[in-house]
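Since the structure comes first, as structure tokens, the remarks are kept for the end.
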Amino acid sequence: MGDQPDWLAEFTSSLDSDKALFRAVVLTAYAHFFHLLEREIVPKNAYHVLTWLREALKREGEILSGEYEDVHEALEAWLLEKAGKNAGWLAYGKSRNDQVATALRLVLRWKLIGLLWELNRLRGSLLDSAERHLNVKIPLFTHLQPAQPSLASHYLLYVEGEVFHHYRTIWHVLREVVDLCPLGSGPVAGSSVPLNRGRLAELLGFSGVESNTLLATGSRTFASLSVGTVASLMVVLSRVAEDLVIWSTPQFSLVELPQEHISTSSIMPQKRNAVTLELIRAKAGTVIGSLISLLTVTKGIPSGYNLDLQEANLHMLIPVEEATSSARVLADLMKGIKFKEIVVPDTLAQDIAERLAREREITYREAHSLLASTLREVGWDLLKAADKLGVDVPDVEDVLRERGRGAPNPELLTKEIESRRRLLRDDIERLASYEEEKVEAERSLLSMGVGD
Ligand code: ARG
């Protein structure tokens with residue numbers, strides 16, 4: 001760019017972006033150039049440019065060391081130097097705008113696939129842990145006060161259910177939005193070059209074409225939907241982290257965390273701090289920050305490409321990485337977590353009141369106030385109150401056995417674990433073949449034009 005002083009060139013430059021983005025930019029260039037050749041849009045003697053594009057994949061450091069505005073310019077300049085004049089065809093029918101949009105979707109696709117694998121691992125780890133803790137009784141809390149008796153397996157299935165919802169939403173966004181190809185859209189409204197956009201999408205292993213060229217080049221909805229869902233996922237992981245931080249304190253003493261997830265204090269030898277969970281909780285903040293950055297950077301710009309969008313690039317990649325590592329850490333923690341059985345008699349109050357209503361044929365409101373006033377009289381001791389009222393305190397196991405769908409009934413939970421495992425198996429199978437398809441497309445793209 002012109003005669004900019006260094007500090008100004010540095011300000012506009014985006015050369016130091018994500019490693020994966022470089023690879024995606026080269027692949028995008030490769031698909032475009034190969035397409036120009038296969039349709040005989042450019043002369044046959046330009047085939048050797050493809051060889052240099054394959055070489056470029058191995059020369060990231062060299063290519064990005066020059067003083068260019070961005071990776072697209074750096075790559076083109078390097079190609080011109082190595083492959084000669086014919087590399088000048090690379091820009092024919094291709095803008096940096098459709099190229100960067102394509103590359104970003106490719107990178108997001110790789111990273112989301114990686115996240116989905118970790119989420120599946122987390123789901124598996126939660127289901128294993130639920131099986132191990134099937135009958136371990138714990139209280140559940142509302143307002144952080146003991147509410148009702150439950151089972152550790154019930155809690156773990158709650159977490160798995162949350163992860164599952166996000167898994168399926170990310171899967172949907174990945175396949176229906178991210179996986180559409182912008183390439184061939186030009187800067188905003190196409191070009192005179194007779195490109196076949198369906199073919200370009202196919203070469204890059206996209207499932208379809210992002211048809212409207214203004215949408216394809218100027219929109220970052222594929223990113224905000226992805227990061228939005230990832231931020232929502234992180235909110236869930238953060239709440240789980242918060243539960244476990246609290247439950248692992250000596251005061252609650254409800255769970256024991258695996259040693260590798262705990263660190264002590266440099267001065268207070270008794271401390272067993274749940275540091276990995278604290279970091280997951282913090283990373284949720286980082287990811288929400290990225291989402292806010294992404295949305296704020298994009299909200300005020302007019303349609304079509306604006307350089308503001310360059311600033312948004314990292315905000316769509318880093319959060320997916322943070323979520324991936326958080327899921328990996330939590331999956332590992334769930335492998336070694338131990339729930340300790342704790343029955344809090346107070347959590348049986350509702351069941352006692354329900355029994356009172358049935359046995360004495362009074363309304364539930366009457367039973368509730370009867371038990372509440374007795375509790376007040378005896379100083380909030382449930383056993384004493386039950387005694388005073390002449391009602392039996394039910395056995396927790398009986399209470400749980402009579403619970404209905406979705407509640408902590410061990411027999412139903414066993415079935416639930418089985419059916420969740422089936423869902424997980426299906427998801428793993430679908431993800432594996434999807435990933436396989438993408439890897440194969442990339443392999444086959446890079447083999448095209450070899451030897452011509
Ligand atoms: N470096 C830009 C990005 O990462 C792409 C270049 C588009 N620049 C432009 N002036 N049209 O988004």
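So you can find residues: chains in the structure tokens are A, B, ... in the order shown, residues in each start at 1, and ligands are numbered from 1 in order.
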Practice task
Dump the neighbourhood of ligand 1 as a ChimeraX atom specification: all residues within 9 Å, distances computed on only C-alpha atoms and all ligand atoms.
Solution key: /A:12-15,17,69-73,95-101,104,187,305-313
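Residues lying within 9 Å of region 34-44 of chain A, counting only C-alpha atoms and ignoring same-chain neighbours fewer than 6 positions away, are Leu50, Asn86, Trp89, Leu90, Tyr92, Val193, Pro194, Leu195, Asn196, Arg199, Leu200, Leu203, Leu445, Met448, Gly449 and Asp452 of chain A.
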Suppose we keep N, CA, C and O atoms; can you now write the selection as a PDB file, in the first residue's frame?
```pdb
ATOM      1  N   LEU A  50       0.089 -23.833  -9.942  1.00  0.00           N
ATOM      2  CA  LEU A  50      -0.471 -24.759  -8.936  1.00  0.00           C
ATOM      3  C   LEU A  50       0.639 -25.408  -8.113  1.00  0.00           C
ATOM      4  O   LEU A  50       0.491 -25.598  -6.905  1.00  0.00           O
ATOM      5  N   ASN A  86       2.453 -15.460 -14.949  1.00  0.00           N
ATOM      6  CA  ASN A  86       1.170 -16.166 -14.991  1.00  0.00           C
ATOM      7  C   ASN A  86       0.434 -16.196 -13.653  1.00  0.00           C
ATOM      8  O   ASN A  86      -0.780 -16.417 -13.610  1.00  0.00           O
ATOM      9  N   TRP A  89      -2.785 -14.236 -12.970  1.00  0.00           N
ATOM     10  CA  TRP A  89      -4.166 -14.658 -13.248  1.00  0.00           C
ATOM     11  C   TRP A  89      -4.953 -14.966 -11.965  1.00  0.00           C
ATOM     12  O   TRP A  89      -6.163 -15.095 -11.989  1.00  0.00           O
ATOM     13  N   LEU A  90      -4.217 -15.114 -10.866  1.00  0.00           N
ATOM     14  CA  LEU A  90      -4.880 -15.502  -9.617  1.00  0.00           C
ATOM     15  C   LEU A  90      -6.009 -14.546  -9.248  1.00  0.00           C
ATOM     16  O   LEU A  90      -7.049 -14.948  -8.738  1.00  0.00           O
ATOM     17  N   TYR A  92      -7.896 -12.986 -11.210  1.00  0.00           N
ATOM     18  CA  TYR A  92      -8.915 -12.904 -12.265  1.00  0.00           C
ATOM     19  C   TYR A  92     -10.226 -13.521 -11.752  1.00  0.00           C
ATOM     20  O   TYR A  92     -10.319 -14.723 -11.518  1.00  0.00           O
ATOM     21  N   VAL A 193     -15.983 -12.985 -15.288  1.00  0.00           N
ATOM     22  CA  VAL A 193     -15.297 -14.258 -15.525  1.00  0.00           C
ATOM     23  C   VAL A 193     -16.299 -15.410 -15.350  1.00  0.00           C
ATOM     24  O   VAL A 193     -17.010 -15.456 -14.346  1.00  0.00           O
ATOM     25  N   PRO A 194     -16.375 -16.308 -16.334  1.00  0.00           N
ATOM     26  CA  PRO A 194     -17.417 -17.351 -16.283  1.00  0.00           C
ATOM     27  C   PRO A 194     -17.077 -18.480 -15.309  1.00  0.00           C
ATOM     28  O   PRO A 194     -16.778 -19.606 -15.708  1.00  0.00           O
ATOM     29  N   LEU A 195     -17.137 -18.190 -14.029  1.00  0.00           N
ATOM     30  CA  LEU A 195     -16.842 -19.200 -13.009  1.00  0.00           C
ATOM     31  C   LEU A 195     -18.088 -20.039 -12.756  1.00  0.00           C
ATOM     32  O   LEU A 195     -19.207 -19.529 -12.816  1.00  0.00           O
ATOM     33  N   ASN A 196     -17.880 -21.293 -12.442  1.00  0.00           N
ATOM     34  CA  ASN A 196     -18.989 -22.147 -12.013  1.00  0.00           C
ATOM     35  C   ASN A 196     -18.903 -22.249 -10.488  1.00  0.00           C
ATOM     36  O   ASN A 196     -18.056 -22.946  -9.946  1.00  0.00           O
ATOM     37  N   ARG A 199     -19.050 -25.624  -8.803  1.00  0.00           N
ATOM     38  CA  ARG A 199     -17.794 -26.368  -8.936  1.00  0.00           C
ATOM     39  C   ARG A 199     -16.752 -25.869  -7.916  1.00  0.00           C
ATOM     40  O   ARG A 199     -16.043 -26.660  -7.302  1.00  0.00           O
ATOM     41  N   LEU A 200     -16.673 -24.547  -7.743  1.00  0.00           N
ATOM     42  CA  LEU A 200     -15.733 -24.004  -6.760  1.00  0.00           C
ATOM     43  C   LEU A 200     -16.048 -24.543  -5.362  1.00  0.00           C
ATOM     44  O   LEU A 200     -15.148 -24.937  -4.612  1.00  0.00           O
ATOM     45  N   LEU A 203     -14.981 -28.160  -5.171  1.00  0.00           N
ATOM     46  CA  LEU A 203     -13.523 -28.315  -5.056  1.00  0.00           C
ATOM     47  C   LEU A 203     -13.057 -28.122  -3.620  1.00  0.00           C
ATOM     48  O   LEU A 203     -12.128 -28.780  -3.151  1.00  0.00           O
ATOM     49  N   LEU A 445      -8.505 -32.097  -3.742  1.00  0.00           N
ATOM     50  CA  LEU A 445      -8.228 -30.781  -4.335  1.00  0.00           C
ATOM     51  C   LEU A 445      -6.734 -30.624  -4.626  1.00  0.00           C
ATOM     52  O   LEU A 445      -6.346 -30.218  -5.722  1.00  0.00           O
ATOM     53  N   MET A 448      -5.355 -32.295  -7.638  1.00  0.00           N
ATOM     54  CA  MET A 448      -5.805 -31.851  -8.961  1.00  0.00           C
ATOM     55  C   MET A 448      -4.770 -30.972  -9.621  1.00  0.00           C
ATOM     56  O   MET A 448      -4.216 -30.082  -8.986  1.00  0.00           O
ATOM     57  N   GLY A 449      -4.542 -31.238 -10.877  1.00  0.00           N
ATOM     58  CA  GLY A 449      -3.571 -30.433 -11.594  1.00  0.00           C
ATOM     59  C   GLY A 449      -2.149 -30.900 -11.385  1.00  0.00           C
ATOM     60  O   GLY A 449      -1.217 -30.359 -11.951  1.00  0.00           O
ATOM     61  N   ASP A 452       0.112 -31.981 -14.559  1.00  0.00           N
ATOM     62  CA  ASP A 452      -0.313 -31.342 -15.809  1.00  0.00           C
ATOM     63  C   ASP A 452       0.737 -30.364 -16.323  1.00  0.00           C
ATOM     64  O   ASP A 452       1.494 -29.803 -15.548  1.00  0.00           O
TER      65      ASP A 452
END
```
Practice task
Identify which of the residues A:Phe206, A:Leu371, A:Leu446, A:Leu317 lies closest to Leu57 (chain A), counting only C-alpha atoms when measuring atom-to-atom distances.
Solution key: A:Leu446
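The space between CA of Val227 (chain A) and CA of Val159 (chain A) spans 20.2 Å.
Remark: for Asp179 (chain A), the closest of the candidate residues A:Val209, A:Met268, A:Val49, A:Leu370 is A:Val209 (distances computed over only C-alpha atoms).
For the choices A:Ile246, A:Pro182, A:Gly451, A:Ser192, the atom-to-atom distance to Leu215 (chain A) is smallest for A:Pro182 when using only C-alpha atoms.
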Exercise for the section: as an MDAnalysis selection string, please: all residues of region 106-328 of chain A that backbone DSSP puts in strand (DSSP E or B). Expected result: chainID A and resid 137:142 145:151 180:181 208:209 255:256 263 273
Handout entry: Given only C-alpha atoms as the counted atoms, nearest of A:Val450, A:Leu174, A:Val163, A:Leu183 to Val25 (chain A)
Key = A:Leu183
